[in-house]
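Peer 1: This is input-v1.txt (compact mmCIF, C-alpha atoms).
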# COMPACT_ATOMS: atom_id res chain seq x y z
CA MET A 194 -23.81 58.03 -67.50
CA ARG A 195 -20.25 57.28 -68.48
CA SER A 196 -19.23 56.91 -64.82
CA TYR A 197 -21.84 54.20 -64.39
CA ASN A 198 -20.47 52.43 -67.48
CA TYR A 199 -16.99 52.38 -65.99
CA ILE A 200 -18.31 50.94 -62.76
CA LEU A 201 -20.20 48.22 -64.52
CA ILE A 202 -17.08 47.26 -66.46
CA LEU A 203 -14.80 47.30 -63.38
CA VAL A 204 -16.99 45.05 -61.20
CA PRO A 205 -16.81 41.95 -63.41
CA LEU A 206 -13.13 42.68 -64.09
CA LEU A 207 -12.34 42.61 -60.34
CA GLY A 208 -14.22 39.32 -60.06
CA ILE A 209 -12.07 37.87 -62.84
CA LEU A 210 -8.84 39.15 -61.28
CA LEU A 211 -9.70 37.89 -57.78
CA GLY A 212 -10.79 34.55 -59.15
CA SER A 213 -7.53 34.16 -61.01
CA CYS A 214 -5.53 34.84 -57.79
CA LYS A 215 -7.43 32.26 -55.69
CA LYS A 216 -5.32 29.22 -54.74
CA GLU A 217 -6.62 25.83 -55.59
CA GLY A 218 -7.60 23.71 -52.55
CA PRO A 219 -8.55 24.92 -49.04
CA LEU A 220 -7.16 28.23 -47.81
CA ASN A 221 -6.28 26.71 -44.40
CA PRO A 222 -4.30 23.46 -44.71
CA TYR A 223 -6.06 22.19 -41.58
CA ASP A 224 -9.33 22.39 -43.48
CA ASP A 225 -8.16 19.43 -45.54
CA PRO A 226 -10.77 16.71 -44.93
CA SER A 227 -8.04 14.08 -44.62
CA LEU A 228 -6.72 15.89 -41.52
CA GLN A 229 -10.03 16.16 -39.73
CA ASP A 230 -10.78 14.39 -36.43
CA PRO A 231 -12.34 11.07 -37.41
CA GLY A 232 -14.98 11.62 -34.73
CA VAL A 233 -15.63 10.30 -31.23
CA ASN A 234 -14.09 6.93 -30.56
CA LYS A 235 -17.00 4.59 -30.16
CA THR A 236 -14.98 2.00 -28.21
CA ASP A 237 -16.62 0.99 -24.94
CA THR A 238 -14.68 2.75 -22.16
CA GLU A 239 -16.51 1.23 -19.19
CA VAL A 240 -14.20 -0.37 -16.64
CA ASP A 241 -14.19 -4.15 -16.68
CA PRO A 242 -15.61 -5.16 -13.26
CA GLU A 243 -13.26 -8.17 -13.20
CA SER A 244 -10.16 -6.02 -13.77
CA PHE A 245 -8.18 -4.76 -10.79
CA ILE A 246 -9.33 -1.21 -11.49
CA GLY A 247 -12.92 -2.43 -11.43
CA LEU A 248 -12.38 -4.34 -8.19
CA TYR A 249 -10.80 -1.29 -6.55
CA GLN A 250 -13.51 1.12 -7.68
CA ASN A 251 -16.43 -1.17 -6.87
CA ILE A 252 -15.23 -3.12 -3.83
CA PHE A 253 -11.91 -2.39 -2.14
CA GLN A 254 -12.15 1.39 -1.90
CA PRO A 255 -15.86 1.84 -0.99
CA THR A 256 -16.36 -1.31 1.08
CA CYS A 257 -12.99 -2.31 2.57
CA ALA A 258 -11.14 0.97 3.21
CA ASN A 259 -13.48 1.82 6.09
CA SER A 260 -12.22 3.94 8.96
CA GLY A 261 -10.47 1.67 11.43
CA CYS A 262 -10.40 -1.27 9.01
CA HIS A 263 -8.29 -1.47 5.85
CA ASP A 264 -7.58 2.28 5.76
CA GLY A 265 -3.90 1.71 6.59
CA THR A 266 -4.65 0.56 10.12
CA PHE A 267 -4.62 -3.08 9.01
CA GLU A 268 -3.28 -4.81 5.95
CA PRO A 269 -4.29 -5.27 3.23
CA ASP A 270 -4.08 -1.51 2.77
CA PHE A 271 -6.92 -0.39 0.50
CA ARG A 272 -6.26 3.36 0.63
CA THR A 273 -4.90 3.49 -2.94
CA ILE A 274 -5.00 1.18 -5.91
CA GLU A 275 -1.23 0.70 -5.68
CA SER A 276 -1.24 -0.17 -1.96
CA SER A 277 -4.19 -2.52 -2.56
CA PHE A 278 -2.35 -4.52 -5.22
CA ASN A 279 0.98 -4.54 -3.40
CA THR A 280 -0.51 -5.79 -0.13
CA LEU A 281 -2.52 -8.53 -1.81
CA VAL A 282 -0.70 -10.29 -4.63
CA TYR A 283 2.03 -12.72 -3.52
CA HIS A 284 1.82 -11.11 -0.07
CA ASP A 285 2.38 -13.24 3.02
CA ILE A 286 -0.63 -13.79 5.25
CA ILE A 287 -1.23 -13.16 8.95
CA LYS A 288 -4.23 -15.40 9.62
CA ASN A 289 -4.36 -18.98 8.34
CA ASP A 290 -6.57 -22.00 8.83
CA VAL A 291 -5.63 -24.79 11.26
CA ALA A 292 -4.05 -26.85 8.48
CA GLY A 293 -1.88 -23.93 7.30
CA THR A 294 -3.39 -24.20 3.81
CA TYR A 295 -2.63 -20.71 2.55
CA ALA A 296 0.67 -18.99 1.74
CA TYR A 297 -0.51 -15.76 0.11
CA ARG A 298 -3.37 -13.30 0.31
CA VAL A 299 -3.65 -13.66 -3.47
CA LEU A 300 -2.02 -16.52 -5.36
CA PRO A 301 -2.43 -15.63 -9.06
CA GLY A 302 -4.34 -18.31 -10.94
CA ASN A 303 -5.75 -20.02 -7.84
CA ALA A 304 -8.60 -18.42 -5.90
CA ASP A 305 -9.02 -21.56 -3.78
CA LYS A 306 -5.53 -21.02 -2.36
CA SER A 307 -5.94 -17.26 -1.94
CA VAL A 308 -6.87 -15.96 1.52
CA LEU A 309 -8.57 -12.88 0.03
CA TYR A 310 -11.20 -15.02 -1.66
CA GLN A 311 -11.52 -17.50 1.21
CA ARG A 312 -12.11 -14.74 3.79
CA LEU A 313 -15.12 -13.64 1.73
CA VAL A 314 -16.79 -17.05 1.69
CA THR A 315 -15.78 -18.79 4.93
CA ASP A 316 -14.50 -18.24 8.47
CA ILE A 317 -11.11 -19.83 7.87
CA ASP A 318 -10.08 -20.30 11.50
CA GLY A 319 -13.50 -20.42 13.13
CA GLN A 320 -13.04 -17.16 15.02
CA SER A 321 -12.17 -14.41 12.55
CA GLY A 322 -15.53 -14.13 10.80
CA ILE A 323 -16.35 -13.63 7.14
CA MET A 324 -15.26 -10.39 5.48
CA PRO A 325 -16.38 -7.66 5.39
CA LEU A 326 -17.03 -7.46 9.13
CA SER A 327 -18.71 -4.05 8.92
CA LEU A 328 -20.27 -1.92 6.19
CA GLU A 329 -20.80 1.77 5.58
CA PRO A 330 -24.50 2.84 5.55
CA ASP A 331 -24.42 3.48 1.79
CA SER A 332 -22.60 0.24 0.90
CA ASP A 333 -24.05 -1.89 -1.89
CA TRP A 334 -22.21 -5.02 -0.72
CA GLU A 335 -25.29 -6.84 0.58
CA ALA A 336 -27.15 -6.32 -2.70
CA LYS A 337 -24.21 -7.21 -4.95
CA SER A 338 -21.98 -9.46 -2.82
CA ALA A 339 -22.48 -12.56 -4.98
CA THR A 340 -21.43 -10.65 -8.09
CA TYR A 341 -18.52 -8.93 -6.36
CA ILE A 342 -17.17 -12.18 -4.89
CA ASN A 343 -17.39 -13.83 -8.30
CA ASN A 344 -15.54 -10.89 -9.87
CA ILE A 345 -12.71 -11.27 -7.34
CA LYS A 346 -12.59 -15.03 -7.94
CA ASN A 347 -12.38 -14.57 -11.70
CA TRP A 348 -9.71 -11.87 -11.40
CA ILE A 349 -7.54 -14.19 -9.32
CA ASN A 350 -8.10 -17.25 -11.53
CA ASN A 351 -7.31 -15.18 -14.64
CA GLY A 352 -3.85 -14.34 -13.28
CA ALA A 353 -4.47 -11.43 -10.87
CA LEU A 354 -3.29 -8.87 -13.43
CA ASP A 355 -2.35 -5.42 -12.16
CA MET A 356 -4.07 -2.14 -13.06
CA PHE A 357 -2.12 -2.02 -16.34
CA GLY A 358 -2.95 -5.60 -17.29
CA ASN A 359 0.52 -6.91 -16.43
CA ALA A 360 1.03 -10.33 -14.89
CA PRO A 361 2.54 -10.09 -11.38
CA GLN A 362 5.99 -11.46 -10.69
CA LEU A 363 6.95 -13.34 -7.55
CA THR A 364 9.95 -11.56 -6.07
CA ASN A 365 11.75 -11.71 -2.76
CA LEU A 366 10.05 -8.96 -0.79
CA GLU A 367 11.88 -6.99 1.88
CA PRO A 368 11.53 -8.08 5.52
CA GLU A 369 8.46 -6.71 7.30
CA MET A 370 7.60 -5.60 10.83
CA GLN A 371 5.40 -7.89 12.93
CA GLY A 372 5.55 -6.34 16.39
CA VAL A 373 7.42 -4.39 19.08
CA VAL A 374 7.12 -4.94 22.85
CA GLY A 375 8.97 -3.53 25.85
CA PHE A 376 9.92 -4.93 29.27
CA SER A 377 11.29 -3.17 32.34
CA GLY A 378 13.77 -5.06 34.49
CA GLY A 379 13.75 -7.85 31.92
CA SER A 380 10.40 -9.36 32.93
CA GLN A 381 7.56 -6.84 33.33
CA MET A 382 5.80 -6.06 30.07
CA LEU A 383 5.05 -2.38 29.64
CA ASP A 384 1.78 -0.92 28.42
CA ARG A 385 1.38 1.34 25.42
CA ALA A 386 -0.26 4.70 24.96
CA PRO A 387 -3.81 4.43 23.51
CA GLY A 388 -4.10 3.48 19.86
CA LYS A 389 -0.91 1.41 19.88
CA GLY A 390 1.10 4.50 20.71
CA PRO A 391 4.59 4.54 22.25
CA ILE A 392 5.57 2.03 24.94
CA GLN A 393 5.10 3.71 28.34
CA VAL A 394 8.28 3.61 30.44
CA PRO A 395 7.97 4.84 34.04
CA ALA A 396 10.51 7.52 35.00
CA GLY A 397 13.35 6.01 37.00
CA THR A 398 13.36 2.71 35.09
CA SER A 399 17.00 1.63 34.86
CA GLN A 400 16.66 -1.31 32.48
CA LEU A 401 14.49 -1.34 29.36
CA THR A 402 14.49 -4.25 26.93
CA ILE A 403 12.84 -3.78 23.56
CA TRP A 404 11.93 -6.88 21.56
CA ILE A 405 11.27 -6.59 17.83
CA SER A 406 9.56 -9.12 15.57
CA VAL A 407 10.33 -9.09 11.85
CA GLN A 408 9.51 -11.59 9.14
CA ASP A 409 10.87 -12.35 5.69
CA ALA A 410 9.22 -14.43 2.97
CA GLU A 411 12.38 -16.36 2.07
CA THR A 412 14.93 -15.94 4.86
CA ALA A 413 14.41 -17.33 8.36
CA THR A 414 14.28 -14.54 10.92
CA ASN A 415 17.28 -15.83 12.86
CA ALA A 416 19.24 -15.95 9.59
CA LEU A 417 18.72 -12.26 8.76
CA THR A 418 21.95 -10.26 8.76
CA TYR A 419 23.17 -6.74 9.55
CA ASN A 420 20.84 -6.51 12.60
CA LYS A 421 21.32 -2.93 13.83
CA TYR A 422 19.14 -0.29 15.48
CA LYS A 423 19.11 3.47 16.07
CA LEU A 424 17.37 5.70 18.60
CA SER A 425 16.33 9.30 18.07
CA GLU A 426 14.26 11.85 19.97
CA GLU A 427 13.19 13.24 16.58
CA ILE A 428 10.65 11.28 14.59
CA PHE A 429 12.49 11.65 11.26
CA ASN A 430 16.09 12.60 12.09
CA PHE A 431 18.15 9.41 12.28
CA GLU A 432 21.16 10.51 10.22
CA GLU A 433 23.04 11.67 13.31
CA ALA A 434 21.93 8.73 15.50
CA THR A 435 24.47 6.11 16.52
CA GLU A 436 23.97 2.67 14.99
CA GLN A 437 24.12 -0.16 17.51
CA SER A 438 23.84 -3.94 17.31
CA LEU A 439 20.65 -5.90 17.87
CA ASP A 440 20.89 -9.12 19.86
CA LEU A 441 19.59 -12.34 18.32
CA GLN A 442 17.85 -14.36 21.00
CA THR A 443 15.97 -17.60 21.49
CA PRO A 444 12.55 -16.58 20.19
CA MET A 445 9.87 -15.25 22.51
CA ASN A 446 6.23 -15.60 21.46
CA GLU A 447 4.12 -12.54 22.18
CA THR A 448 1.27 -10.54 20.66
CA GLY A 449 2.24 -8.58 17.55
CA TYR A 450 0.96 -5.42 15.92
CA PHE A 451 -2.02 -7.20 14.35
CA ASP A 452 -3.06 -8.74 17.70
CA GLU A 453 -1.83 -12.20 16.69
CA PRO A 454 0.99 -14.15 18.44
CA VAL A 455 4.34 -13.74 16.64
CA ASP A 456 7.92 -14.77 17.35
CA TYR A 457 10.39 -12.14 18.57
CA PHE A 458 14.07 -12.88 17.83
CA HIS A 459 15.66 -9.41 17.99
CA SER A 460 16.16 -7.29 21.09
CA PHE A 461 18.27 -4.59 22.71
CA THR A 462 18.60 -3.41 26.30
CA ILE A 463 19.32 0.14 27.43
CA ASP A 464 19.25 2.29 30.55
CA PRO A 465 16.48 4.83 29.80
CA SER A 466 17.03 6.87 32.96
CA ALA A 467 19.11 9.42 31.04
CA TYR A 468 16.00 10.58 29.17
CA PRO A 469 13.90 13.27 30.90
CA ALA A 470 10.23 12.66 31.65
CA GLU A 471 7.83 13.22 28.73
CA THR A 472 10.55 12.35 26.23
CA THR A 473 9.55 10.17 23.26
CA VAL A 474 12.32 8.08 21.73
CA PHE A 475 11.81 6.67 18.25
CA ILE A 476 13.31 3.39 17.05
CA ARG A 477 14.57 2.25 13.65
CA VAL A 478 15.92 -1.23 12.93
CA TYR A 479 18.14 -2.27 10.01
CA ILE A 480 18.16 -5.84 8.76
CA GLN A 481 19.02 -7.66 5.54
CA ASP A 482 17.72 -10.79 3.85
CA ASP A 483 19.45 -12.97 1.24
CA GLU A 484 18.60 -10.80 -1.79
CA ASN A 485 17.67 -7.24 -0.86
CA ASP A 486 19.78 -4.36 0.40
CA VAL A 487 19.60 -3.39 4.06
CA THR A 488 15.98 -2.69 5.00
CA GLU A 489 15.10 0.16 7.36
CA ILE A 490 12.00 -0.45 9.52
CA PRO A 491 10.08 1.82 9.76
CA LYS A 492 11.00 4.32 7.04
CA ASP A 493 10.48 8.07 6.79
CA GLY A 494 7.56 7.34 4.45
CA SER A 495 5.83 5.00 6.92
CA ALA A 496 2.49 6.06 8.38
CA GLU A 497 2.71 8.20 11.53
CA TYR A 498 0.99 5.56 13.67
CA ILE A 499 3.70 3.03 12.69
CA LEU A 500 6.43 5.53 13.56
CA LYS A 501 4.83 6.07 16.98
CA TYR A 502 4.39 2.32 17.47
CA PHE A 503 8.18 2.01 17.05
CA ALA A 504 8.84 4.26 20.05
CA PHE A 505 8.90 4.46 23.81
CA GLU A 506 7.94 7.37 26.06
CA ILE A 507 9.21 8.27 29.52
CA ILE A 508 6.21 8.98 31.75
As structure tokens, what does this structure read like?
Peer 2:
Amino acid sequence: MRSYNYILILVPLLGILLGSCKKEGPLNPYDDPSLQDPGVNKTDTEVDPESFIGLYQNIFQPTCANSGCHDGTFEPDFRTIESSFNTLVYHDIIKNDVAGTYAYRVLPGNADKSVLYQRLVTDIDGQSGIMPLSLEPDSDWEAKSATYINNIKNWINNGALDMFGNAPQLTNLEPEMQGVVGFSGGSQMLDRAPGKGPIQVPAGTSQLTIWISVQDAETATNALTYNKYKLSEEIFNFEEATEQSLDLQTPMNETGYFDEPVDYFHSFTIDPSAYPAETTVFIRVYIQDDENDVTEIPKDGSAEYILKYFAFEII
């Protein structure tokens, strides 16, 4: 019986001792209620359909970046949200109306002077049609076009803010490519490989003249400086290529890359007979406007079809 008495005495004693050793407050400091997650943020996280992110998700990517359309084949380039913004806002246009009303694809604050908006509501030159010209089978454009067009209009009129909500700045963009054509003997225009591939130069041609059209937003084409070119049989290796001078000529008007007439000021003439048959020769040009450093056209990062467009092939 005595052993049971000892046990009965020890049990409450242990409770007292353990209780006296217990720290005040929570054992784990992270159990402190003041440190707990306040809960799910109830802020509405839906994308504003009139923001640039909303326009890209709802319109430009699903409706405009169709294969063979604005998938990098034609500008504006709607493949990514960055390329979409950069080829729209304060970007020079290719097609205009007869009166030459428009200067930019998107003029922030003025949808009525923005070609992007006008191409959605009218045929600006009477022959280009109203965008979009074609739709994917699962497109919701026909059902929601009025809403989508209004969203684009409001985005432009509210300042055409970028994906981060920043107001765009008008800067002097680098010169851009408009077209490349080739002539044999100085007068016969040469065809291209399918898909605007390399210029086709018949074997034995002794005189090849390449004309290049470039355009700058601020500097007249015939006032561009540096004016050099390089040739390479390797699509990316131009470091070892010899830099040579481009000639500035009285402009020639011919079809450009986007199938519209453009002015060609720059040219060079070579004897291509030294190249074996089936050789492809790639071209880079180097020009400079009034504000930017020397611009290389095309660049290593340019799309492959642009690199092949800037080339000729001995056939």
Peer 1: Looking at only C-alpha atoms, which of A:Pro395, A:Gly358, A:Pro387, A:Gly379 is the one that sits closest to Ile246 of chain A?
Peer 2: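 Ranked by minimum distance to Ile246 of chain A, first place goes to A:Gly358.
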Peer 1: Which one of A:Ser406, A:Ser495, A:Ser399, A:Asn430 sits closest to Tyr468 of chain A if you count all atoms listed in the file?
Peer 2: A:Ser399
Peer 1: So the first atom is atom CA of Val455 of chain A and the second is atom CA of Glu427 of chain A; what is the distance between them in Å, to one decimal place?
Peer 2: 28.4 Å
Peer 1: To one decimal place in Å, what is the distance between atom CA of Val373 of chain A and atom CA of Ser277 of chain A?
Peer 2: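 If I compute the distance from atom CA of Val373 of chain A to atom CA of Ser277 of chain A, I get 24.6 Å.
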Peer 1: Which residue out of A:Ser244, A:Ser438, A:Asn259, A:Asn415 has the minimum interatomic distance to Asp355 of chain A when only C-alpha atoms are used?
Peer 2: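 Counting only C-alpha atoms, the residue closest to Asp355 of chain A is A:Ser244.
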Peer 1: With distances taken over all atoms listed in the file, which residue among A:Ala410, A:Ile349, A:Val487, A:Val374 lies nearest Met445 of chain A?
Peer 2: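 Smallest distance to Met445 of chain A is found for A:Val374.
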Peer 1: Identify which of the residues A:Glu484, A:Asp316, A:Asp270, A:Glu497 lies closest to Glu411 of chain A, counting all atoms listed in the file when measuring atom-to-atom distances.
Peer 2: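 Checking each of A:Glu484, A:Asp316, A:Asp270, A:Glu497 against Glu411 of chain A, counting all atoms listed in the file, the winner is A:Glu484.
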Peer 1: Nearest to Glu447 of chain A among A:Pro255, A:Pro330, A:Pro491, A:Gly375, with distances taken over only C-alpha atoms: which residue is it?
Peer 2: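 Nearest candidate to Glu447 of chain A out of A:Pro255, A:Pro330, A:Pro491, A:Gly375: A:Gly375.
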Peer 1: Write out as a VMD selection string each polymer residue whose atoms come within 7 Å of Cys257 of chain A, counting all atoms listed in the file; drop sequence neighbours fewer than 6 positions from it.
Peer 2: chain A and resid 263 271 325
Peer 1: If we count all atoms listed in the file and set the cut-off at 7 Å, which residues sit around Ile476 of chain A, ignoring sequence neighbours fewer than 2 positions away in its own chain? Please answer as a ChimeraX atom specification.
Peer 2: /A:423-425,474,478,503-504
Peer 1: Excluding segment 368-371 of chain A and residues on its chain fewer than 2 positions from it, collect all residues at most 10 Å away from it, counting all atoms listed in the file, and give them as a PyMOL selection string.
Peer 2: chain A and resi 285+287+365-366+373+405-412+414+417+448-457+478-482+485+487-491+499+503
Peer 1: Between atom CA of Ala413 of chain A and atom CA of Tyr283 of chain A, what is the spacing in Å?
Peer 2: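 Taking atom CA of Tyr283 of chain A as the start and atom CA of Ala413 of chain A as the end point, the length is 17.8 Å.
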Peer 1: What's the 9 Å shell around Leu281 of chain A, counting all atoms listed in the file, without same-chain residues fewer than 6 positions away, as a list in words?
Peer 2: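 Here the qualifying residues turn out to be Glu268, Pro269, Asp270, Tyr297, Arg298, Val299, Leu300 and Leu309 of chain A.
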Peer 1: Using all atoms listed in the file, which protein or nucleic acid residues come within 12 Å of Ile317 of chain A? Drop anything in the same chain fewer than 6 positions from it, and give the result as a list of chain:residue names.
Peer 2: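 The contact residues come out as A:Ile287, A:Lys288, A:Asn289, A:Asp290, A:Val291, A:Ala292, A:Gly293, A:Thr294, A:Tyr295, A:Asp305, A:Lys306, A:Ser307, A:Val308, A:Leu309, A:Tyr310, A:Gln311, A:Ile323, A:Met324.
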Peer 1: Generate the output file for the selected residues, C-alpha atoms, as a short mmCIF file (atom, residue, chain, number, x, y, z; two decimals), in the coordinates of the input.
Peer 2:
data_model
loop_
_atom_site.label_atom_id
_atom_site.label_comp_id
_atom_site.auth_asym_id
_atom_site.auth_seq_id
_atom_site.Cartn_x
_atom_site.Cartn_y
_atom_site.Cartn_z
CA ILE A 287 -1.23 -13.16 8.95
CA LYS A 288 -4.23 -15.40 9.62
CA ASN A 289 -4.36 -18.98 8.34
CA ASP A 290 -6.57 -22.00 8.83
CA VAL A 291 -5.63 -24.79 11.26
CA ALA A 292 -4.05 -26.85 8.48
CA GLY A 293 -1.88 -23.93 7.30
CA THR A 294 -3.39 -24.20 3.81
CA TYR A 295 -2.63 -20.71 2.55
CA ASP A 305 -9.02 -21.56 -3.78
CA LYS A 306 -5.53 -21.02 -2.36
CA SER A 307 -5.94 -17.26 -1.94
CA VAL A 308 -6.87 -15.96 1.52
CA LEU A 309 -8.57 -12.88 0.03
CA TYR A 310 -11.20 -15.02 -1.66
CA GLN A 311 -11.52 -17.50 1.21
CA ILE A 323 -16.35 -13.63 7.14
CA MET A 324 -15.26 -10.39 5.48
#
Peer 1: Export segment 498-507 of chain A of the preceding structure, keeping all heavy atoms, as a tab-separated table (two decimals), in the first residue's frame.
Peer 2:
chain	number	residue	atom	x	y	z
A	498	TYR	N	13.90	33.95	-91.41
A	498	TYR	CA	13.40	34.32	-92.73
A	498	TYR	C	13.90	35.71	-93.15
A	498	TYR	O	14.05	35.98	-94.33
A	498	TYR	CB	11.87	34.26	-92.78
A	498	TYR	CG	11.15	35.06	-91.72
A	498	TYR	CD1	10.93	36.41	-91.88
A	498	TYR	CD2	10.67	34.44	-90.57
A	498	TYR	CE1	10.25	37.15	-90.92
A	498	TYR	CE2	10.00	35.17	-89.61
A	498	TYR	CZ	9.80	36.52	-89.79
A	498	TYR	OH	9.14	37.24	-88.83
A	499	ILE	N	14.19	36.59	-92.18
A	499	ILE	CA	14.78	37.89	-92.51
A	499	ILE	C	16.24	37.71	-92.91
A	499	ILE	O	16.72	38.33	-93.87
A	499	ILE	CB	14.67	38.85	-91.32
A	499	ILE	CG1	13.20	39.17	-91.03
A	499	ILE	CG2	15.44	40.13	-91.59
A	499	ILE	CD1	12.50	39.94	-92.12
A	500	LEU	N	16.95	36.85	-92.21
A	500	LEU	CA	18.36	36.57	-92.56
A	500	LEU	C	18.45	35.99	-93.97
A	500	LEU	O	19.37	36.34	-94.73
A	500	LEU	CB	18.97	35.61	-91.54
A	500	LEU	CG	19.03	36.11	-90.09
A	500	LEU	CD1	19.53	35.00	-89.17
A	500	LEU	CD2	19.93	37.34	-89.97
A	501	LYS	N	17.52	35.14	-94.34
A	501	LYS	CA	17.55	34.55	-95.69
A	501	LYS	C	17.06	35.54	-96.74
A	501	LYS	O	17.45	35.44	-97.91
A	501	LYS	CB	16.69	33.28	-95.71
A	501	LYS	CG	17.31	32.14	-94.92
A	501	LYS	CD	16.47	30.88	-94.99
A	501	LYS	CE	17.15	29.72	-94.25
A	501	LYS	NZ	16.34	28.47	-94.28
A	502	TYR	N	16.21	36.47	-96.35
A	502	TYR	CA	15.78	37.52	-97.27
A	502	TYR	C	16.96	38.42	-97.64
A	502	TYR	O	17.09	38.86	-98.77
A	502	TYR	CB	14.66	38.34	-96.61
A	502	TYR	CG	14.14	39.48	-97.45
A	502	TYR	CD1	13.26	39.26	-98.50
A	502	TYR	CD2	14.53	40.79	-97.20
A	502	TYR	CE1	12.77	40.30	-99.27
A	502	TYR	CE2	14.04	41.85	-97.95
A	502	TYR	CZ	13.16	41.60	-98.98
A	502	TYR	OH	12.69	42.65	-99.75
A	503	PHE	N	17.86	38.66	-96.67
A	503	PHE	CA	19.07	39.43	-96.91
A	503	PHE	C	20.17	38.51	-97.42
A	503	PHE	O	21.21	38.32	-96.78
A	503	PHE	CB	19.52	40.11	-95.61
A	503	PHE	CG	19.04	41.51	-95.45
A	503	PHE	CD1	17.74	41.77	-95.05
A	503	PHE	CD2	19.87	42.59	-95.71
A	503	PHE	CE1	17.27	43.06	-94.91
A	503	PHE	CE2	19.42	43.89	-95.57
A	503	PHE	CZ	18.11	44.14	-95.17
A	504	ALA	N	19.96	37.89	-98.55
A	504	ALA	CA	20.93	36.94	-99.09
A	504	ALA	C	20.70	36.73	-100.58
A	504	ALA	O	19.64	37.04	-101.10
A	504	ALA	CB	20.81	35.60	-98.36
A	505	PHE	N	21.72	36.23	-101.26
A	505	PHE	CA	21.57	35.78	-102.63
A	505	PHE	C	22.19	34.40	-102.77
A	505	PHE	O	23.07	34.01	-101.98
A	505	PHE	CB	22.17	36.77	-103.65
A	505	PHE	CG	23.66	37.01	-103.51
A	505	PHE	CD1	24.58	36.19	-104.17
A	505	PHE	CD2	24.14	38.08	-102.77
A	505	PHE	CE1	25.94	36.43	-104.08
A	505	PHE	CE2	25.50	38.32	-102.67
A	505	PHE	CZ	26.40	37.49	-103.32
A	506	GLU	N	21.70	33.64	-103.74
A	506	GLU	CA	22.10	32.25	-103.92
A	506	GLU	C	22.48	32.02	-105.39
A	506	GLU	O	21.76	32.44	-106.28
A	506	GLU	CB	20.96	31.33	-103.52
A	506	GLU	CG	21.26	29.85	-103.66
A	506	GLU	CD	20.06	29.00	-103.26
A	506	GLU	OE1	18.94	29.53	-103.21
A	506	GLU	OE2	20.26	27.79	-103.03
A	507	ILE	N	23.62	31.39	-105.58
A	507	ILE	CA	24.06	31.05	-106.93
A	507	ILE	C	23.37	29.77	-107.37
A	507	ILE	O	23.47	28.74	-106.69
A	507	ILE	CB	25.59	30.88	-107.01
A	507	ILE	CG1	26.31	32.08	-106.35
A	507	ILE	CG2	26.04	30.69	-108.45
A	507	ILE	CD1	26.00	33.41	-107.01
